[in-house]
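This is run.txt (compact mmCIF, C-alpha atoms).
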# COMPACT_ATOMS: atom_id res chain seq x y z
CA MET A 1 15.42 -6.81 -15.70
CA SER A 2 15.20 -7.95 -12.11
CA LEU A 3 18.15 -6.89 -10.03
CA THR A 4 20.46 -9.72 -9.09
CA ARG A 5 21.05 -10.47 -5.44
CA ARG A 6 24.57 -9.08 -5.68
CA ARG A 7 23.37 -5.86 -7.26
CA LEU A 8 20.67 -5.49 -4.64
CA LEU A 9 23.14 -5.94 -1.80
CA HIS A 10 25.66 -3.62 -3.44
CA SER A 11 22.97 -1.00 -3.97
CA SER A 12 21.96 -1.16 -0.32
CA LEU A 13 25.51 -0.47 0.79
CA LEU A 14 25.77 2.48 -1.55
CA LEU A 15 22.43 3.93 -0.56
CA ALA A 16 22.66 3.45 3.20
CA PRO A 17 24.44 6.78 3.93
CA LEU A 18 21.71 8.79 2.22
CA ALA A 19 19.59 10.82 4.62
CA ARG A 20 15.83 11.01 4.48
CA ALA A 21 14.09 14.21 3.54
CA ALA A 22 14.60 16.74 6.32
CA SER A 23 10.90 17.33 6.89
CA THR A 24 8.06 15.22 5.62
CA ASN A 25 5.01 13.75 7.30
CA MET A 26 5.14 10.64 5.12
CA LYS A 27 6.54 7.61 6.94
CA ILE A 28 8.56 4.67 5.60
CA ASN A 29 6.36 1.71 6.43
CA LEU A 30 7.37 -1.94 6.83
CA SER A 31 4.84 -4.28 5.25
CA PRO A 32 6.61 -7.67 5.55
CA GLY A 33 4.36 -9.62 3.17
CA ALA A 34 4.78 -7.01 0.45
CA ILE A 35 8.50 -7.77 0.26
CA GLY A 36 8.31 -11.53 0.84
CA VAL A 37 9.30 -11.48 4.53
CA LYS A 38 7.35 -13.72 6.90
CA ALA A 39 6.82 -12.06 10.27
CA ASP A 40 4.15 -12.09 12.95
CA GLN A 41 3.11 -8.80 14.53
CA ARG A 42 5.82 -8.69 17.18
CA GLN A 43 8.51 -9.78 14.72
CA ALA A 44 7.38 -7.09 12.29
CA ILE A 45 7.67 -4.44 15.00
CA GLU A 46 11.16 -5.65 15.94
CA HIS A 47 12.24 -5.74 12.27
CA ALA A 48 10.92 -2.23 11.68
CA SER A 49 12.79 -0.86 14.67
CA LYS A 50 16.03 -2.71 13.98
CA TYR A 51 16.34 -1.80 10.31
CA GLY A 52 15.25 1.84 10.40
CA PHE A 53 11.62 1.90 9.28
CA GLN A 54 9.33 4.54 10.75
CA ALA A 55 6.03 2.67 10.63
CA VAL A 56 4.85 -0.94 10.74
CA GLU A 57 1.84 -2.64 9.19
CA PRO A 58 -0.86 -3.73 11.65
CA GLN A 59 -2.22 -7.29 11.37
CA PRO A 60 -5.98 -6.97 12.05
CA ALA A 61 -6.82 -10.69 12.29
CA PHE A 62 -4.14 -11.09 14.97
CA LEU A 63 -5.11 -7.95 16.86
CA ALA A 64 -8.71 -9.20 17.01
CA THR A 65 -7.58 -12.24 19.01
CA LEU A 66 -6.03 -10.14 21.79
CA SER A 67 -7.43 -9.01 25.11
CA ASN A 68 -7.53 -5.32 25.98
CA GLY A 69 -4.36 -5.71 28.02
CA GLU A 70 -2.55 -7.52 25.21
CA ILE A 71 -3.56 -4.83 22.73
CA ASP A 72 -2.23 -2.19 25.11
CA ASP A 73 1.06 -4.13 25.27
CA ILE A 74 1.37 -4.24 21.47
CA ALA A 75 0.49 -0.56 21.11
CA GLY A 76 3.01 0.23 23.85
CA LEU A 77 5.71 -1.74 22.05
CA VAL A 78 5.11 0.23 18.84
CA LYS A 79 5.44 3.49 20.78
CA GLN A 80 8.48 2.24 22.71
CA LYS A 81 10.26 1.47 19.42
CA ASN A 82 9.54 5.03 18.16
CA LEU A 83 7.27 3.68 15.44
CA VAL A 84 3.75 4.47 14.30
CA TRP A 85 1.18 2.18 12.77
CA GLY A 86 1.06 2.02 8.97
CA CYS A 87 -1.88 0.90 6.87
CA ALA A 88 -3.54 -2.47 7.62
CA ASN A 89 -4.68 -4.86 4.92
CA MET A 90 -8.48 -5.12 5.00
CA THR A 91 -9.14 -8.85 5.10
CA VAL A 92 -12.60 -8.81 3.50
CA ASP A 93 -12.74 -10.47 0.07
CA PHE A 94 -15.46 -8.45 -1.64
CA ARG A 95 -14.52 -9.58 -5.15
CA LYS A 96 -16.12 -13.05 -5.16
CA ASP A 97 -19.62 -14.35 -4.45
CA GLY A 98 -21.95 -12.90 -1.86
CA ALA A 99 -21.44 -15.73 0.63
CA THR A 100 -17.68 -15.21 0.67
CA PHE A 101 -18.13 -11.49 1.14
CA ARG A 102 -20.61 -11.92 3.98
CA LYS A 103 -18.43 -14.50 5.77
CA ASP A 104 -15.39 -12.19 5.68
CA PHE A 105 -17.39 -9.07 6.42
CA ASN A 106 -18.80 -10.57 9.60
CA GLU A 107 -15.26 -10.52 11.04
CA LEU A 108 -14.62 -6.88 10.12
CA PRO A 109 -16.37 -5.09 13.02
CA LYS A 110 -14.34 -7.10 15.57
CA GLN A 111 -11.11 -6.44 13.68
CA ALA A 112 -11.94 -2.74 13.29
CA ASP A 113 -12.63 -2.46 17.02
CA ALA A 114 -9.30 -4.13 17.84
CA MET A 115 -7.44 -1.86 15.43
CA ARG A 116 -9.04 1.23 16.93
CA ARG A 117 -8.07 0.12 20.45
CA ALA A 118 -4.48 -0.42 19.26
CA GLY A 119 -4.36 3.07 17.72
CA VAL A 120 -4.59 2.02 14.05
CA THR A 121 -6.30 4.56 11.81
CA ARG A 122 -5.91 3.22 8.24
CA ALA A 123 -6.82 0.09 6.27
CA GLY A 124 -6.52 -0.59 2.56
CA THR A 125 -7.26 -3.01 -0.25
CA TYR A 126 -7.02 -3.25 -4.04
CA ILE A 127 -9.63 -3.24 -6.78
CA ALA A 128 -9.41 -5.97 -9.44
CA PRO A 129 -9.24 -4.18 -12.82
CA ALA A 130 -11.40 -6.56 -14.86
CA SER A 131 -14.13 -9.19 -14.68
CA ASP A 132 -15.33 -12.04 -16.86
CA SER A 133 -18.89 -11.91 -15.54
CA LEU A 134 -19.77 -8.32 -14.61
CA THR A 135 -19.93 -5.32 -16.91
CA PHE A 136 -18.35 -2.08 -15.72
CA LEU A 137 -21.64 -0.72 -14.38
CA GLU A 138 -22.63 -4.01 -12.73
CA ASN A 139 -19.22 -4.22 -11.11
CA LEU A 140 -19.42 -0.59 -10.01
CA ARG A 141 -22.75 -1.18 -8.29
CA GLN A 142 -21.52 -4.32 -6.54
CA HIS A 143 -18.31 -2.65 -5.38
CA ALA A 144 -20.17 0.44 -4.20
CA GLU A 145 -22.65 -1.63 -2.17
CA ARG A 146 -20.09 -3.92 -0.55
CA LEU A 147 -17.38 -1.35 0.04
CA SER A 148 -19.93 1.06 1.49
CA GLU A 149 -20.64 -1.54 4.18
CA CYS A 150 -16.92 -2.00 4.79
CA ALA A 151 -16.31 1.73 4.97
CA LEU A 152 -19.16 2.13 7.45
CA ALA A 153 -17.81 -0.65 9.71
CA LEU A 154 -14.33 0.90 9.63
CA GLY A 155 -15.63 4.43 10.02
CA ASP A 156 -17.53 3.45 13.15
CA GLN A 157 -14.08 2.84 14.68
CA ASN A 158 -12.53 6.00 13.19
CA LEU A 159 -10.59 4.09 10.53
CA ARG A 160 -10.10 5.26 6.96
CA LEU A 161 -10.36 2.91 3.98
CA GLY A 162 -7.92 3.22 1.07
CA LEU A 163 -8.63 1.68 -2.34
CA GLU A 164 -5.91 0.93 -4.88
CA TYR A 165 -6.54 0.97 -8.61
CA VAL A 166 -4.52 -1.58 -10.62
CA ALA A 167 -3.41 -0.06 -13.90
CA PRO A 168 -1.28 -2.31 -16.17
CA LYS A 169 -2.95 -2.81 -19.54
CA THR A 170 -1.76 -6.43 -19.47
CA LEU A 171 -4.18 -6.94 -16.57
CA TRP A 172 -7.27 -4.88 -17.38
CA THR A 173 -7.41 -6.38 -20.89
CA SER A 174 -6.97 -9.94 -19.60
CA ARG A 175 -10.69 -10.48 -18.96
CA LYS A 176 -13.92 -9.75 -20.79
CA HIS A 177 -14.95 -6.55 -19.02
CA PRO A 178 -12.40 -3.90 -17.93
CA PHE A 179 -13.08 -2.24 -14.59
CA VAL A 180 -11.55 0.59 -12.53
CA HIS A 181 -7.87 0.97 -13.47
CA THR A 182 -7.18 4.74 -13.45
CA MET A 183 -7.24 7.54 -10.91
CA ALA A 184 -10.24 9.15 -12.62
CA GLU A 185 -12.22 5.91 -12.46
CA MET A 186 -11.22 5.42 -8.83
CA LYS A 187 -12.67 8.83 -8.05
CA GLU A 188 -15.94 7.65 -9.62
CA LEU A 189 -15.97 4.52 -7.48
CA ILE A 190 -15.22 6.49 -4.32
CA ALA A 191 -18.05 8.89 -5.18
CA ALA A 192 -20.39 5.92 -5.65
CA ILE A 193 -19.38 4.50 -2.25
CA HIS A 194 -20.20 7.92 -0.80
CA LYS A 195 -18.54 7.58 2.59
CA PRO A 196 -16.31 10.33 4.03
CA ASN A 197 -13.57 7.96 5.26
CA VAL A 198 -12.78 6.46 1.83
CA GLY A 199 -9.70 7.47 -0.18
CA MET A 200 -6.93 5.91 -2.25
CA VAL A 201 -3.95 3.67 -1.85
CA LEU A 202 -1.74 5.55 -4.28
CA ASP A 203 0.94 3.42 -5.98
CA SER A 204 3.67 4.98 -8.13
CA TRP A 205 3.62 1.82 -10.27
CA HIS A 206 -0.06 2.12 -11.11
CA TRP A 207 0.24 5.90 -11.54
CA TYR A 208 2.98 5.19 -14.10
CA THR A 209 1.28 2.30 -15.92
CA ALA A 210 -1.96 4.32 -16.12
CA GLY A 211 -0.02 6.95 -18.07
CA GLU A 212 -0.76 9.55 -15.41
CA SER A 213 1.30 12.59 -14.50
CA VAL A 214 2.03 15.10 -11.77
CA THR A 215 -0.97 17.05 -13.04
CA ASP A 216 -3.23 14.15 -12.05
CA LEU A 217 -1.67 13.99 -8.58
CA LYS A 218 -2.36 17.69 -8.10
CA THR A 219 -6.11 17.02 -8.31
CA LEU A 220 -5.85 15.19 -4.96
CA THR A 221 -5.68 16.42 -1.38
CA ASN A 222 -4.01 14.84 1.64
CA LYS A 223 -7.44 13.57 2.73
CA ASP A 224 -7.69 11.57 -0.53
CA ILE A 225 -4.50 9.56 0.15
CA VAL A 226 -4.78 6.85 2.79
CA SER A 227 -1.56 5.00 1.96
CA ILE A 228 1.32 5.06 -0.54
CA ASP A 229 3.16 2.33 -2.44
CA LEU A 230 6.55 3.17 -3.96
CA ASN A 231 7.90 1.03 -6.79
CA ASP A 232 10.04 1.38 -9.90
CA ALA A 233 9.66 -0.36 -13.26
CA PRO A 234 11.93 -2.53 -15.41
CA VAL A 235 13.77 -0.75 -18.22
CA ASN A 236 13.20 -1.09 -21.96
CA ILE A 237 9.57 -2.24 -21.66
CA PRO A 238 6.79 -0.06 -23.14
CA ILE A 239 4.22 1.07 -20.56
CA ASP A 240 1.43 -0.99 -22.13
CA GLN A 241 3.57 -4.13 -21.92
CA GLN A 242 4.57 -3.80 -18.27
CA VAL A 243 3.59 -6.84 -16.19
CA ASP A 244 2.30 -6.29 -12.67
CA SER A 245 4.33 -9.08 -11.09
CA ARG A 246 7.65 -7.74 -12.44
CA ARG A 247 8.55 -4.53 -10.69
CA GLU A 248 11.67 -3.02 -9.17
CA LEU A 249 12.55 -1.41 -5.87
CA PRO A 250 12.16 2.38 -5.63
CA CYS A 251 14.91 4.23 -7.54
CA ALA A 252 16.38 0.97 -8.88
CA THR A 253 16.00 1.97 -12.54
CA GLY A 254 14.70 5.54 -12.67
CA VAL A 255 11.94 4.58 -15.11
CA ILE A 256 9.26 6.00 -12.81
CA ASP A 257 9.50 9.68 -11.89
CA LEU A 258 9.58 9.20 -8.13
CA ALA A 259 10.95 12.72 -7.62
CA GLY A 260 7.88 14.20 -9.27
CA PHE A 261 5.59 11.74 -7.51
CA LEU A 262 6.93 12.31 -3.99
CA ASN A 263 7.48 16.04 -4.29
CA THR A 264 3.91 16.53 -5.45
CA LEU A 265 2.65 14.54 -2.47
CA GLN A 266 4.88 16.67 -0.27
CA GLU A 267 3.25 19.80 -1.73
CA LEU A 268 -0.12 18.27 -0.76
CA SER A 269 1.15 17.94 2.85
CA CYS A 270 0.62 14.20 2.53
CA ASP A 271 0.99 12.31 5.82
CA ALA A 272 0.37 8.76 4.57
CA PRO A 273 2.62 5.78 5.34
CA ALA A 274 4.66 4.57 2.36
CA ARG A 275 5.75 1.00 1.66
CA CYS A 276 7.27 -0.73 -1.34
CA GLU A 277 5.70 -3.76 -3.01
CA PRO A 278 8.08 -4.68 -5.83
CA PHE A 279 7.07 -8.33 -6.42
CA ASN A 280 10.76 -8.87 -7.07
CA SER A 281 11.77 -12.55 -7.11
CA THR A 282 15.40 -11.82 -6.23
CA LEU A 283 14.36 -9.81 -3.19
CA ARG A 284 11.87 -12.46 -2.11
CA ALA A 285 14.56 -15.14 -2.22
CA MET A 286 16.68 -13.27 0.35
CA THR A 287 16.68 -13.82 4.08
CA PRO A 288 15.05 -11.06 6.15
CA GLU A 289 18.52 -10.03 7.36
CA HIS A 290 19.52 -9.28 3.77
CA ALA A 291 16.19 -8.11 2.34
CA LEU A 292 15.24 -5.55 4.99
CA PRO A 293 18.38 -3.37 4.69
CA VAL A 294 17.99 -3.38 0.90
CA VAL A 295 14.37 -2.27 1.16
CA VAL A 296 14.94 0.49 3.69
CA ALA A 297 17.92 1.77 1.68
CA SER A 298 15.83 2.02 -1.48
CA MET A 299 13.07 3.82 0.41
CA ASN A 300 15.60 6.21 1.92
CA LYS A 301 16.91 6.99 -1.55
CA ALA A 302 13.40 7.75 -2.74
CA PHE A 303 12.63 9.96 0.27
CA ALA A 304 15.90 11.81 -0.26
CA LEU A 305 14.41 13.07 -3.54
CA ILE A 306 11.98 15.22 -1.56
CA ARG A 307 13.12 18.82 -1.73
Could you express the structure from this file as structure tokens?
Amino acid sequence: MSLTRRRLLHSSLLLAPLARAASTNMKINLSPGAIGVKADQRQAIEHASKYGFQAVEPQPAFLATLSNGEIDDIAGLVKQKNLVWGCANMTVDFRKDGATFRKDFNELPKQADAMRRAGVTRAGTYIAPASDSLTFLENLRQHAERLSECALALGDQNLRLGLEYVAPKTLWTSRKHPFVHTMAEMKELIAAIHKPNVGMVLDSWHWYTAGESVTDLKTLTNKDIVSIDLNDAPVNIPIDQQVDSRRELPCATGVIDLAGFLNTLQELSCDAPARCEPFNSTLRAMTPEHALPVVVASMNKAFALIR
């Protein structure tokens, strides 16, 4: 049940007066692409400032094209707008053949250096939950080898790497060999990578579709959480039938226990940036001027659940 445009706009007006949690180190992060908004780095910074976000996603490929002076200007603009950097998207495609991985990886040291000079400290990516060609162990070895190289290149520039497990059963059963799709399996992958700067991108949607609970969250520490995604789920759909591309904005339905999720992270003294990534077609059809207030209002409502 995707929210209609009218309902989304109405919800944003209702939610706007809600205050954020009085004291939390987690930051509401604008990731334009995650909500269907097209914006270059400067536009993203301006959008984040104008609409009340606290952090903004860095764009590593762009930052790598800048001179030292230009990077200083961008970093200064972020500070001037009272923002901090969120989590960058690591641009290396490590999921395909070796040539593709090597081509992308060769750009990573330059991007990592640019991010470090701009003051960025976090980058993240997702793990595909199944493969047609590699068994679980084969896939684990390949991921551990490739992501170890990525983590080392990022770590050399004092950046952390967050990995997101993708949990819907409709995805990990869609190919021949299931792969990492739970928190416990992600811990195994991180252990296999064996680099101190590797942690998780923790998504409430995947936590929910993995059938996990607050108890699972309590096995983590702040150091384990590089970035956060906040999403809700459509109503009247069993967990095992949830489809990854059909999500809702935070607190839109109440299907996912965001109060339990966020309050547990608060207990862990989590300081990660938090974005939403609802894959919501109605939201994506909106103009930025309409979509951004709706998104920040839903995030504010979620953060207001923090006690």
Neighbour list for region 254-259 of chain A as a PDB file with C-alpha atoms, keeping the file's coordinate frame, cut-off 10 Å, all atoms listed in the file, skip fewer than 6 positions in-chain:
ATOM      1  CA  SER A 204       3.670   4.980  -8.130  1.00  0.00           C
ATOM      2  CA  TRP A 205       3.620   1.820 -10.270  1.00  0.00           C
ATOM      3  CA  TRP A 207       0.240   5.900 -11.540  1.00  0.00           C
ATOM      4  CA  TYR A 208       2.980   5.190 -14.100  1.00  0.00           C
ATOM      5  CA  THR A 209       1.280   2.300 -15.920  1.00  0.00           C
ATOM      6  CA  SER A 213       1.300  12.590 -14.500  1.00  0.00           C
ATOM      7  CA  VAL A 214       2.030  15.100 -11.770  1.00  0.00           C
ATOM      8  CA  LEU A 230       6.550   3.170  -3.960  1.00  0.00           C
ATOM      9  CA  ASN A 231       7.900   1.030  -6.790  1.00  0.00           C
ATOM     10  CA  ASP A 232      10.040   1.380  -9.900  1.00  0.00           C
ATOM     11  CA  ALA A 233       9.660  -0.360 -13.260  1.00  0.00           C
ATOM     12  CA  PRO A 234      11.930  -2.530 -15.410  1.00  0.00           C
ATOM     13  CA  VAL A 235      13.770  -0.750 -18.220  1.00  0.00           C
ATOM     14  CA  ASN A 236      13.200  -1.090 -21.960  1.00  0.00           C
ATOM     15  CA  ILE A 237       9.570  -2.240 -21.660  1.00  0.00           C
ATOM     16  CA  GLU A 248      11.670  -3.020  -9.170  1.00  0.00           C
ATOM     17  CA  LEU A 265       2.650  14.540  -2.470  1.00  0.00           C
ATOM     18  CA  ALA A 302      13.400   7.750  -2.740  1.00  0.00           C
ATOM     19  CA  PHE A 303      12.630   9.960   0.270  1.00  0.00           C
ATOM     20  CA  ALA A 304      15.900  11.810  -0.260  1.00  0.00           C
ATOM     21  CA  LEU A 305      14.410  13.070  -3.540  1.00  0.00           C
ATOM     22  CA  ILE A 306      11.980  15.220  -1.560  1.00  0.00           C
ATOM     23  CA  ARG A 307      13.120  18.820  -1.730  1.00  0.00           C
TER      24      ARG A 307
END
### Message
Please determine, counting all atoms listed in the file, which residue among A:Asn197, A:Gln142, A:Gln242, A:Asn263 has the shortest atom-to-atom distance to Lys218 (chain A).
### Response
A:Asn263
### Query
Rounded to one decimal in Å, what is the spacing between CA of Leu83 (chain A) and CA of Val120 (chain A)?
12.1 Å
### Message
Let me make sure I understand: among A:Ser131, A:Thr24, A:Thr65, A:Ser298, which one has the smallest atom-to-atom distance to Ala252 (chain A) if we use only C-alpha atoms?
### Response
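Smallest distance to Ala252 (chain A) is found for A:Ser298.
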### Task
Rank nothing, just name the residue among A:Asn280, A:Asn222, A:Ser67, A:Asn25 nearest to Pro250 (chain A), using all atoms listed in the file.
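Using all atoms listed in the file, the shortest distance to Pro250 (chain A) belongs to A:Asn280.
Distance check against Ala151 (chain A) using only C-alpha atoms: of A:Leu137, A:Val198, A:Leu268, A:Ala88, the minimum falls on A:Val198.
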### Task
Could you give me, as a ChimeraX atom specification, the residues that sit within 12 Å of (-1.3, 5.6, 6.1) in the file's coordinates, counting all atoms listed in the file?
/A:25-31,54-58,84-89,120-124,159-163,199-202,222-229,270-275
### Straight-line distance linking CA of Arg42 (chain A) with CA of Asp104 (chain A), stated in Å to one decimal
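Interatomic distance here is 24.4 Å.
The spacing separating CA of Glu277 (chain A) from CA of Thr253 (chain A) amounts to 15.2 Å.
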Please, can region 207-223 of chain A be completed to N, CA and C atoms and returned as a short mmCIF file (atom, residue, chain, number, x, y, z; two decimals), keeping the file's coordinate frame?
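File selection23.cif, as written:
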data_model
loop_
_atom_site.label_atom_id
_atom_site.label_comp_id
_atom_site.auth_asym_id
_atom_site.auth_seq_id
_atom_site.Cartn_x
_atom_site.Cartn_y
_atom_site.Cartn_z
N TRP A 207 0.25 4.53 -11.00
CA TRP A 207 0.24 5.90 -11.54
C TRP A 207 1.02 5.93 -12.86
N TYR A 208 2.15 5.25 -12.90
CA TYR A 208 2.98 5.19 -14.10
C TYR A 208 2.31 4.37 -15.20
N THR A 209 1.84 3.17 -14.88
CA THR A 209 1.28 2.30 -15.92
C THR A 209 -0.09 2.79 -16.40
N ALA A 210 -0.72 3.69 -15.64
CA ALA A 210 -1.96 4.32 -16.12
C ALA A 210 -1.67 5.49 -17.06
N GLY A 211 -0.39 5.82 -17.22
CA GLY A 211 -0.02 6.95 -18.07
C GLY A 211 -0.36 8.29 -17.44
N GLU A 212 -0.39 8.32 -16.11
CA GLU A 212 -0.76 9.55 -15.41
C GLU A 212 0.47 10.40 -15.12
N SER A 213 0.21 11.62 -14.66
CA SER A 213 1.30 12.59 -14.50
C SER A 213 1.16 13.32 -13.17
N VAL A 214 2.09 14.24 -12.93
CA VAL A 214 2.03 15.10 -11.77
C VAL A 214 0.74 15.92 -11.77
N THR A 215 0.28 16.28 -12.94
CA THR A 215 -0.97 17.05 -13.04
C THR A 215 -2.13 16.28 -12.42
N ASP A 216 -2.17 14.96 -12.65
CA ASP A 216 -3.23 14.15 -12.05
C ASP A 216 -3.10 14.12 -10.53
N LEU A 217 -1.88 14.01 -10.03
CA LEU A 217 -1.67 13.99 -8.58
C LEU A 217 -2.15 15.29 -7.94
N LYS A 218 -2.00 16.39 -8.66
CA LYS A 218 -2.36 17.69 -8.10
C LYS A 218 -3.86 17.88 -7.97
N THR A 219 -4.65 16.95 -8.50
CA THR A 219 -6.11 17.02 -8.31
C THR A 219 -6.52 16.43 -6.96
N LEU A 220 -5.56 15.83 -6.23
CA LEU A 220 -5.85 15.19 -4.96
C LEU A 220 -5.54 16.13 -3.79
N THR A 221 -6.04 15.76 -2.63
CA THR A 221 -5.68 16.42 -1.38
C THR A 221 -5.11 15.36 -0.43
N ASN A 222 -4.53 15.79 0.65
CA ASN A 222 -4.01 14.84 1.64
C ASN A 222 -5.11 13.89 2.11
N LYS A 223 -6.31 14.38 2.26
CA LYS A 223 -7.44 13.57 2.73
C LYS A 223 -7.75 12.43 1.77
#
